[in-house]
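What's in structure.txt: compact mmCIF, C-alpha atoms (C1' of nucleotides)
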```
# COMPACT_ATOMS: atom_id res chain seq x y z
CA MET A 1154 21.10 9.99 17.92
CA PRO A 1155 21.94 6.36 17.44
CA GLU A 1156 24.51 5.78 14.73
CA LEU A 1157 26.79 2.81 14.04
CA PRO A 1158 28.68 2.79 17.38
CA GLU A 1159 25.48 3.02 19.41
CA VAL A 1160 23.72 0.26 17.47
CA GLU A 1161 26.86 -1.89 17.56
CA THR A 1162 26.99 -1.45 21.33
CA LEU A 1163 23.32 -2.38 21.63
CA ALA A 1164 23.86 -5.50 19.53
CA ARG A 1165 26.79 -6.60 21.70
CA GLU A 1166 25.06 -5.89 25.00
CA LEU A 1167 21.79 -7.48 23.93
CA ASN A 1168 23.63 -10.57 22.74
CA GLY A 1169 24.69 -11.26 26.28
CA VAL A 1170 21.21 -10.80 27.66
CA LEU A 1171 18.71 -11.94 25.05
CA VAL A 1172 20.23 -14.88 23.20
CA GLY A 1173 18.43 -18.06 24.20
CA ARG A 1174 15.50 -16.19 25.69
CA SER A 1175 12.00 -16.63 24.30
CA ILE A 1176 9.43 -13.93 23.69
CA VAL A 1177 6.38 -14.95 25.68
CA ARG A 1178 4.22 -12.12 24.44
CA ALA A 1179 4.53 -8.90 22.49
CA GLU A 1180 2.54 -5.77 23.14
CA VAL A 1181 2.16 -2.95 20.61
CA CYS A 1182 1.32 0.38 22.25
CA TRP A 1183 1.66 2.51 19.14
CA PRO A 1184 0.92 0.62 15.89
CA GLY A 1185 2.90 3.03 13.73
CA THR A 1186 6.13 1.57 15.08
CA VAL A 1187 5.39 -1.81 13.52
CA ALA A 1188 5.96 -1.40 9.80
CA ALA A 1189 5.15 -5.02 8.99
CA PRO A 1190 3.32 -7.27 9.27
CA ASP A 1191 0.03 -5.92 10.63
CA PRO A 1192 0.37 -5.50 14.40
CA GLU A 1193 -2.03 -8.37 15.18
CA VAL A 1194 -0.04 -10.70 12.94
CA PHE A 1195 3.21 -9.33 14.37
CA ILE A 1196 2.03 -10.14 17.90
CA ARG A 1197 0.74 -13.60 16.97
CA ARG A 1198 3.89 -14.60 15.08
CA LEU A 1199 6.23 -13.46 17.89
CA ALA A 1200 4.56 -15.40 20.69
CA GLY A 1201 6.82 -18.21 21.87
CA ARG A 1202 9.71 -17.41 19.53
CA ARG A 1203 13.24 -17.94 20.73
CA ILE A 1204 15.94 -15.33 20.07
CA GLY A 1205 19.12 -16.57 18.40
CA GLU A 1206 21.92 -14.30 17.23
CA ILE A 1207 21.80 -10.52 17.27
CA ARG A 1208 23.48 -8.55 14.52
CA ARG A 1209 23.92 -5.04 13.22
CA ARG A 1210 23.89 -3.75 9.66
CA GLY A 1211 24.38 -0.02 9.25
CA LYS A 1212 22.07 1.51 11.84
CA TRP A 1213 19.74 -1.49 11.82
CA LEU A 1214 19.56 -3.97 14.67
CA LEU A 1215 18.68 -7.51 13.62
CA LEU A 1216 17.35 -10.06 16.10
CA GLY A 1217 17.46 -13.56 14.66
CA LEU A 1218 14.50 -15.74 15.62
CA GLU A 1219 14.26 -19.48 15.58
CA GLY A 1220 12.33 -20.36 12.44
CA GLU A 1221 14.31 -18.31 9.95
CA GLU A 1222 12.83 -14.94 10.67
CA TRP A 1223 14.34 -11.64 11.74
CA LEU A 1224 13.04 -8.88 13.92
CA LEU A 1225 14.50 -5.70 12.44
CA ILE A 1226 14.66 -2.56 14.56
CA HIS A 1227 15.69 0.95 13.53
CA LEU A 1228 15.91 3.50 16.35
CA ARG A 1229 15.98 6.53 14.05
CA MET A 1230 16.10 9.72 16.13
CA SER A 1231 14.82 8.93 19.58
CA GLY A 1232 14.32 5.18 19.88
CA ARG A 1233 15.59 3.39 22.97
CA LEU A 1234 15.77 -0.27 23.91
CA ALA A 1235 15.85 -1.33 27.55
CA VAL A 1236 15.94 -4.70 29.24
CA GLU A 1237 14.23 -4.40 32.57
CA GLY A 1238 12.52 -6.27 35.35
CA ALA A 1239 8.78 -6.39 35.96
CA ASP A 1240 9.12 -3.65 38.58
CA ALA A 1241 10.51 -1.04 36.16
CA PRO A 1242 8.80 2.36 36.19
CA GLU A 1243 6.31 3.38 33.51
CA ASP A 1244 7.51 5.18 30.43
CA THR A 1245 4.97 7.34 28.61
CA HIS A 1246 6.87 6.89 25.35
CA THR A 1247 6.69 3.10 25.30
CA ARG A 1248 5.76 1.89 21.80
CA VAL A 1249 6.38 -1.88 21.89
CA VAL A 1250 7.09 -4.28 24.76
CA PHE A 1251 8.43 -7.83 24.49
CA TYR A 1252 7.79 -9.98 27.56
CA LEU A 1253 10.53 -12.57 28.01
CA ASP A 1254 10.45 -16.07 29.49
CA ASP A 1255 12.69 -15.08 32.41
CA GLY A 1256 10.29 -12.43 33.68
CA GLN A 1257 12.22 -9.52 32.17
CA ARG A 1258 11.00 -7.40 29.31
CA LEU A 1259 12.54 -5.65 26.36
CA ARG A 1260 10.98 -2.21 26.00
CA PHE A 1261 11.13 -0.04 22.91
CA SER A 1262 10.38 3.58 23.75
CA ASP A 1263 10.48 6.39 21.25
CA PRO A 1264 9.13 9.90 21.93
CA ARG A 1265 9.22 11.04 18.33
CA LYS A 1266 7.74 7.88 16.85
CA PHE A 1267 10.26 7.77 13.99
CA GLY A 1268 11.61 4.35 14.95
CA ARG A 1269 10.43 1.31 13.02
CA MET A 1270 10.48 -2.47 13.35
CA ALA A 1271 9.61 -5.30 11.02
CA LEU A 1272 9.30 -9.06 11.35
CA THR A 1273 10.45 -10.68 8.14
CA ALA A 1274 12.09 -13.71 6.56
CA ARG A 1275 13.76 -11.40 4.02
CA PRO A 1276 15.70 -8.70 5.87
CA GLU A 1277 17.39 -7.49 2.65
CA GLU A 1278 14.07 -6.08 1.50
CA TRP A 1279 13.97 -3.86 4.57
CA LEU A 1280 17.60 -2.86 4.74
CA GLY A 1281 17.33 -1.28 1.33
CA ASP A 1282 20.30 -0.22 -0.73
CA LEU A 1283 22.96 -0.04 1.98
CA GLY A 1284 26.60 0.72 1.25
CA PRO A 1285 29.51 -1.26 2.69
CA GLU A 1286 30.20 -1.56 6.41
CA PRO A 1287 32.81 1.06 7.32
CA LEU A 1288 34.72 -1.38 9.55
CA ASP A 1289 34.71 -4.27 7.09
CA PRO A 1290 38.37 -5.18 6.38
CA ALA A 1291 37.36 -5.54 2.75
CA LEU A 1292 36.86 -1.78 2.67
CA THR A 1293 40.49 -0.89 2.01
CA PRO A 1294 41.82 2.65 1.52
CA GLU A 1295 42.10 1.87 -2.18
CA ARG A 1296 38.50 0.75 -2.41
CA LEU A 1297 37.28 3.85 -0.59
CA ALA A 1298 39.32 5.96 -2.99
CA GLY A 1299 37.60 4.18 -5.85
CA MET A 1300 34.17 4.85 -4.36
CA LEU A 1301 34.98 8.55 -4.04
CA ARG A 1302 36.28 8.81 -7.57
CA GLY A 1303 32.95 8.96 -9.39
CA ARG A 1304 31.29 11.27 -6.89
CA ARG A 1305 30.85 14.96 -7.50
CA GLY A 1306 28.95 15.57 -4.26
CA ARG A 1307 30.33 17.09 -1.05
CA LEU A 1308 32.04 14.93 1.54
CA LYS A 1309 29.67 15.56 4.43
CA PRO A 1310 26.39 14.63 2.72
CA LEU A 1311 28.16 11.70 1.07
CA LEU A 1312 29.41 10.27 4.37
CA THR A 1313 25.90 10.34 5.83
CA ASP A 1314 24.37 8.80 2.68
CA GLN A 1315 23.59 5.22 3.74
CA ARG A 1316 23.89 4.00 0.16
CA PHE A 1317 27.51 5.15 0.12
CA LEU A 1318 28.54 3.89 3.57
CA ALA A 1319 26.25 2.24 6.09
CA GLY A 1320 26.15 3.61 9.60
CA LEU A 1321 27.53 7.14 9.75
CA GLY A 1322 25.23 9.94 10.89
CA ASN A 1323 25.67 13.61 11.61
CA ILE A 1324 27.80 13.26 14.73
CA TYR A 1325 30.39 10.80 13.48
CA ALA A 1326 30.60 12.29 9.99
CA ASP A 1327 31.68 15.59 11.57
CA GLU A 1328 34.17 13.85 13.86
CA VAL A 1329 35.60 11.81 10.99
CA LEU A 1330 36.12 14.86 8.78
CA TRP A 1331 37.87 16.74 11.58
CA ARG A 1332 40.19 13.82 12.23
CA ALA A 1333 40.96 13.52 8.54
CA GLY A 1334 41.52 17.27 8.23
CA LEU A 1335 39.01 17.57 5.40
CA HIS A 1336 36.41 20.28 4.83
CA PRO A 1337 32.77 19.09 4.84
CA LEU A 1338 32.11 20.89 1.54
CA ARG A 1339 35.06 19.33 -0.24
CA ARG A 1340 34.05 17.64 -3.51
CA ALA A 1341 34.53 13.90 -3.09
CA ASP A 1342 36.20 13.32 -6.46
CA THR A 1343 38.95 15.84 -5.77
CA LEU A 1344 40.61 13.86 -2.97
CA THR A 1345 44.16 12.71 -3.54
CA PRO A 1346 45.00 9.06 -2.75
CA GLU A 1347 46.70 10.30 0.42
CA GLU A 1348 43.61 12.21 1.49
CA ALA A 1349 41.38 9.23 0.77
CA ALA A 1350 43.66 7.08 2.91
CA ARG A 1351 43.46 9.66 5.67
CA LEU A 1352 39.68 9.62 5.44
CA HIS A 1353 39.72 5.85 5.60
CA GLY A 1354 41.88 5.88 8.70
CA ALA A 1355 39.73 8.54 10.36
CA ILE A 1356 36.55 6.55 9.76
CA ARG A 1357 38.05 3.47 11.38
CA GLU A 1358 39.61 5.28 14.30
CA VAL A 1359 36.59 7.39 15.21
CA LEU A 1360 34.19 4.46 14.99
CA GLU A 1361 36.45 2.06 16.89
CA ARG A 1362 37.07 4.56 19.67
CA ALA A 1363 33.37 5.35 19.93
CA ILE A 1364 32.50 1.65 20.14
CA ALA A 1365 35.15 1.16 22.81
CA ARG A 1366 33.39 3.90 24.82
CA ARG A 1367 30.00 2.31 24.12
CA GLY A 1368 28.73 5.16 22.02
CA THR A 1369 27.71 8.76 22.55
CA THR A 1370 25.08 9.80 25.06
CA LEU A 1371 24.40 13.51 24.65
CA ALA A 1372 22.80 15.77 27.24
CA ASP A 1373 19.35 14.83 25.95
CA GLN A 1374 20.01 11.34 27.41
CA ARG A 1375 18.03 9.48 24.78
CA TYR A 1376 20.56 6.84 23.79
CA VAL A 1377 21.57 4.58 26.65
CA LEU A 1378 22.67 0.98 27.02
CA PRO A 1379 20.01 -1.70 27.62
CA ASP A 1380 20.58 -1.40 31.37
CA GLY A 1381 20.22 2.38 31.34
CA ARG A 1382 23.92 3.28 31.56
CA PRO A 1383 25.09 6.10 29.26
CA GLY A 1384 27.69 5.72 26.53
CA GLU A 1385 30.90 7.57 27.32
CA PHE A 1386 32.09 8.94 24.01
CA ALA A 1387 30.42 12.37 24.36
CA ALA A 1388 33.43 13.55 26.38
CA HIS A 1389 35.66 12.68 23.42
CA LEU A 1390 33.75 14.62 20.77
CA VAL A 1391 35.99 17.26 19.26
CA VAL A 1392 33.69 19.21 16.93
CA TYR A 1393 30.10 17.98 17.13
CA GLY A 1394 28.04 20.28 19.36
CA ARG A 1395 31.20 22.24 20.26
CA GLU A 1396 30.73 25.47 18.33
CA GLY A 1397 33.06 28.12 19.76
CA ALA A 1398 35.30 25.61 21.53
CA SER A 1399 38.93 25.57 20.51
CA CYS A 1400 40.33 22.98 18.14
CA PRO A 1401 42.71 20.67 20.04
CA ARG A 1402 44.98 20.52 17.00
CA CYS A 1403 45.41 24.20 16.15
CA GLY A 1404 43.50 26.21 18.72
CA ALA A 1405 41.13 27.87 16.24
CA SER A 1406 37.47 28.23 17.12
CA ILE A 1407 35.14 25.45 15.97
CA VAL A 1408 32.41 26.75 13.68
CA ARG A 1409 28.99 25.46 12.77
CA ALA A 1410 27.50 25.79 9.30
CA ARG A 1411 24.54 24.52 7.35
CA VAL A 1412 25.55 21.74 4.95
CA GLY A 1413 23.03 19.70 3.03
CA GLY A 1414 20.19 20.87 5.22
CA ARG A 1415 21.76 20.08 8.56
CA SER A 1416 24.44 21.37 10.87
CA ALA A 1417 28.10 20.64 10.21
CA HIS A 1418 30.77 21.38 12.81
CA PHE A 1419 34.38 21.82 11.79
CA CYS A 1420 37.65 23.66 12.36
CA PRO A 1421 38.07 26.42 9.73
CA GLN A 1422 41.83 26.35 10.29
CA CYS A 1423 42.80 22.73 9.83
CA GLN A 1424 39.90 21.62 7.62
CA ARG A 1425 40.50 23.72 4.53
CA GLY A 1426 38.32 23.62 1.43
C1' DC B 752 23.78 11.98 -10.18
C1' DA B 753 23.25 16.10 -7.07
C1' DA B 754 20.72 19.32 -4.40
C1' DC B 755 16.83 20.52 -2.19
C1' DC B 756 12.07 20.05 -0.22
C1' DG B 757 8.37 18.39 2.73
C1' DA B 758 6.74 14.75 5.46
C1' DC B 759 7.01 12.03 9.53
C1' DC B 760 7.02 13.41 15.06
C1' DT B 761 7.69 15.59 19.84
C1' DG B 762 10.69 17.57 23.37
C1' DT B 763 13.66 21.38 24.01
C1' DT B 764 15.42 25.88 23.14
C1' DC B 765 15.00 30.46 21.51
C1' DG B 766 13.20 35.16 20.69
C1' DC B 767 9.94 38.51 21.71
C1' DT C 1208 6.55 34.93 32.61
C1' DG C 1209 4.44 32.91 28.72
C1' DC C 1210 3.85 31.85 24.18
C1' DG C 1211 4.64 30.25 19.61
C1' DA C 1212 8.35 29.57 16.30
C1' DA C 1213 12.39 27.34 15.29
C1' DC C 1214 15.27 23.56 15.86
C1' DA C 1215 17.09 18.82 16.51
C1' DG C 1216 18.32 14.94 12.48
C1' DG C 1217 17.34 9.61 10.05
C1' DT C 1218 14.96 8.26 6.05
C1' DC C 1219 11.88 8.34 2.16
C1' DG C 1220 9.71 10.08 -1.83
C1' DG C 1221 9.27 13.71 -4.92
C1' DT C 1222 10.93 17.71 -7.78
C1' DT C 1223 14.24 20.58 -10.07
```
Write-out of the structure in structure tokens:
Amino acid sequence: MPELPEVETLARELNGVLVGRSIVRAEVCWPGTVAAPDPEVFIRRLAGRRIGEIRRRGKWLLLGLEGEEWLLIHLRMSGRLAVEGADAPEDTHTRVVFYLDDGQRLRFSDPRKFGRMALTARPEEWLGDLGPEPLDPALTPERLAGMLRGRRGRLKPLLTDQRFLAGLGNIYADEVLWRAGLHPLRRADTLTPEEAARLHGAIREVLERAIARRGTTLADQRYVLPDGRPGEFAAHLVVYGREGASCPRCGASIVRARVGGRSAHFCPQCQRG
DNA sequence: CAACCGACCTGTTCGC
DNA sequence: TGCGAACAGGTCGGTT
């Protein structure tokens, strides 16, 4: 499931391929993917537009278009972006296709149809109430400690709350908490300054390592790079999806529990309540 | 503010 | 073997 490292990787890879290209034509195969404007308007407004910079904010991908507009894309659960030649095979889950001026196309496929895109001059309205970027240098250990202070909720649901921090999902929240040695059910406002600093360090390290490996491609193979290559961080996951495996730090068996309506994976030995 | 629910979706896995 | 139920989890809106 695409989270910050996967979207960051996409932004970087697409920058090298798409910047300077123009969209000759857009095709909407499933209208539900296009949140705004109406698909006909979306198609008309995209024709002939040149792509400038490509950015990421949280789990959103932002494609800057000449003329002060942005094409926002959120992959949600199963979205995939691929840059491919005209001879690429069909994909039954194709939702939107952008034909480029060099003969290639950018394909958005999404089996579960949760992904969304929007063409807008005001991206803030679509990004919603997003928290700070976890890798922003302005997010110091002290500032994170301050953010935790007023929160009575549990760490795991808090880390995946996009209004608290932008970009963490289920996989990386579990990995971060293991690295920090903190229990997913720990109340946020009970962390000592040292623990908050540990959490801060774990967030940075896990995300930076995952980006360096170009993200996590699980066995389901949904997330891949624009050229179809998989991300390589799955082999470095310690707890996520590894119930019953032994903790590399203490040897105890990784457990899986239900936290905030979804699965949390952690080491019961070195992540104490 | 916190916790929980259903809705949105479909491909995969599980239990009988 | 085959079938339906449960599950996977990002986000939103609603309720308690």
*Within 7 Å of (25.8, 11.5, -8.8), all atoms listed in the file: residues as a VMD selection string?*
(chain A and resid 1304 to 1306) or (chain B and resid 752 to 753)
*Could the residues of chain A within 8 Å of chain C, counting all atoms listed in the file, be given as number ranges by chain, please?*
A: 1154, 1229-1230, 1322-1323, 1415
Counting all atoms listed in the file, which residues in chain B sit no more than 7 Å from chain A? For each one, give the nearest pair of atoms and the distance in Å, sorted by chain then residue number, as JSON lines.
```
{"residue": "B:DA753", "atom": "C1'", "partner": "A:Gly1306", "partner_atom": "CA", "distance": 6.4}
{"residue": "B:DC759", "atom": "C1'", "partner": "A:Phe1267", "partner_atom": "CA", "distance": 7.0}
{"residue": "B:DC760", "atom": "C1'", "partner": "A:Arg1265", "partner_atom": "CA", "distance": 4.6}
{"residue": "B:DT761", "atom": "C1'", "partner": "A:Arg1265", "partner_atom": "CA", "distance": 5.0}
```
*So how far away is CA of Ala1387 (chain A) from CA of Ala1410 (chain A), in Å?*
20.4 Å
Around all listed atoms of region 1411-1424 of chain A, padded 4 Å per side, what centre and edge lengths does the axis-aligned box have in Å to one decimal, as JSON?
```
{"center_x": 31.5, "center_y": 23.1, "center_z": 7.9, "size_x": 30.6, "size_y": 14.7, "size_z": 17.8}
```
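The space separating CA of Arg1402 (chain A) from CA of Val1359 (chain A) comes to 15.7 Å.
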Which residues are close to Arg1260 (chain A), i.e. within 6 Å by only C-alpha atoms (C1' of nucleotides), leaving aside same-chain residues fewer than 3 positions away? Reply as a PDB file with C-alpha atoms, in the coordinates of the input.
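Wrote result.pdb, looks like this:
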```pdb
ATOM      1  CA  LEU A1234      15.770  -0.270  23.910  1.00  0.00           C
ATOM      2  CA  ALA A1235      15.850  -1.330  27.550  1.00  0.00           C
ATOM      3  CA  VAL A1250       7.090  -4.280  24.760  1.00  0.00           C
TER       4      VAL A1250
END
```
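Here CA of Leu1288 (chain A) stands at a distance of 20.9 Å from CA of Leu1225 (chain A).
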Give me the residues within 9 Å of region 1196-1209 of chain A as a compact mmCIF listing (two decimals) with C-alpha atoms, in the coordinates of the input, counting all atoms listed in the file and dropping any in the same chain fewer than 2 places off.
```txt
# COMPACT_ATOMS: atom_id res chain seq x y z
CA LEU A 1157 26.79 2.81 14.04
CA VAL A 1160 23.72 0.26 17.47
CA GLU A 1161 26.86 -1.89 17.56
CA LEU A 1163 23.32 -2.38 21.63
CA ALA A 1164 23.86 -5.50 19.53
CA ARG A 1165 26.79 -6.60 21.70
CA LEU A 1167 21.79 -7.48 23.93
CA ASN A 1168 23.63 -10.57 22.74
CA LEU A 1171 18.71 -11.94 25.05
CA VAL A 1172 20.23 -14.88 23.20
CA GLY A 1173 18.43 -18.06 24.20
CA ARG A 1174 15.50 -16.19 25.69
CA SER A 1175 12.00 -16.63 24.30
CA ILE A 1176 9.43 -13.93 23.69
CA VAL A 1177 6.38 -14.95 25.68
CA ARG A 1178 4.22 -12.12 24.44
CA ALA A 1179 4.53 -8.90 22.49
CA GLU A 1180 2.54 -5.77 23.14
CA VAL A 1181 2.16 -2.95 20.61
CA ASP A 1191 0.03 -5.92 10.63
CA PRO A 1192 0.37 -5.50 14.40
CA GLU A 1193 -2.03 -8.37 15.18
CA VAL A 1194 -0.04 -10.70 12.94
CA GLY A 1211 24.38 -0.02 9.25
CA LYS A 1212 22.07 1.51 11.84
CA TRP A 1213 19.74 -1.49 11.82
CA LEU A 1214 19.56 -3.97 14.67
CA LEU A 1215 18.68 -7.51 13.62
CA LEU A 1216 17.35 -10.06 16.10
CA GLY A 1217 17.46 -13.56 14.66
CA LEU A 1218 14.50 -15.74 15.62
CA GLU A 1219 14.26 -19.48 15.58
CA GLY A 1220 12.33 -20.36 12.44
CA PHE A 1251 8.43 -7.83 24.49
CA ASP A 1254 10.45 -16.07 29.49
CA LEU A 1272 9.30 -9.06 11.35
```
*Could you list as JSON, numbers by chain every residue that has an atom within 7 Å of (12.3, 3.2, 14.6), using the file's coordinates and counting all atoms listed in the file?*
{"A": [1186, 1226, 1227, 1228, 1229, 1232, 1266, 1267, 1268, 1269, 1270]}
With C-alpha atoms retained, write the just-selected residues as a PDB file, in the frame of the given file.
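Generated output (selection.pdb):
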```pdb
ATOM      1  CA  THR A1186       6.130   1.570  15.080  1.00  0.00           C
ATOM      2  CA  ILE A1226      14.660  -2.560  14.560  1.00  0.00           C
ATOM      3  CA  HIS A1227      15.690   0.950  13.530  1.00  0.00           C
ATOM      4  CA  LEU A1228      15.910   3.500  16.350  1.00  0.00           C
ATOM      5  CA  ARG A1229      15.980   6.530  14.050  1.00  0.00           C
ATOM      6  CA  GLY A1232      14.320   5.180  19.880  1.00  0.00           C
ATOM      7  CA  LYS A1266       7.740   7.880  16.850  1.00  0.00           C
ATOM      8  CA  PHE A1267      10.260   7.770  13.990  1.00  0.00           C
ATOM      9  CA  GLY A1268      11.610   4.350  14.950  1.00  0.00           C
ATOM     10  CA  ARG A1269      10.430   1.310  13.020  1.00  0.00           C
ATOM     11  CA  MET A1270      10.480  -2.470  13.350  1.00  0.00           C
TER      12      MET A1270
END
```
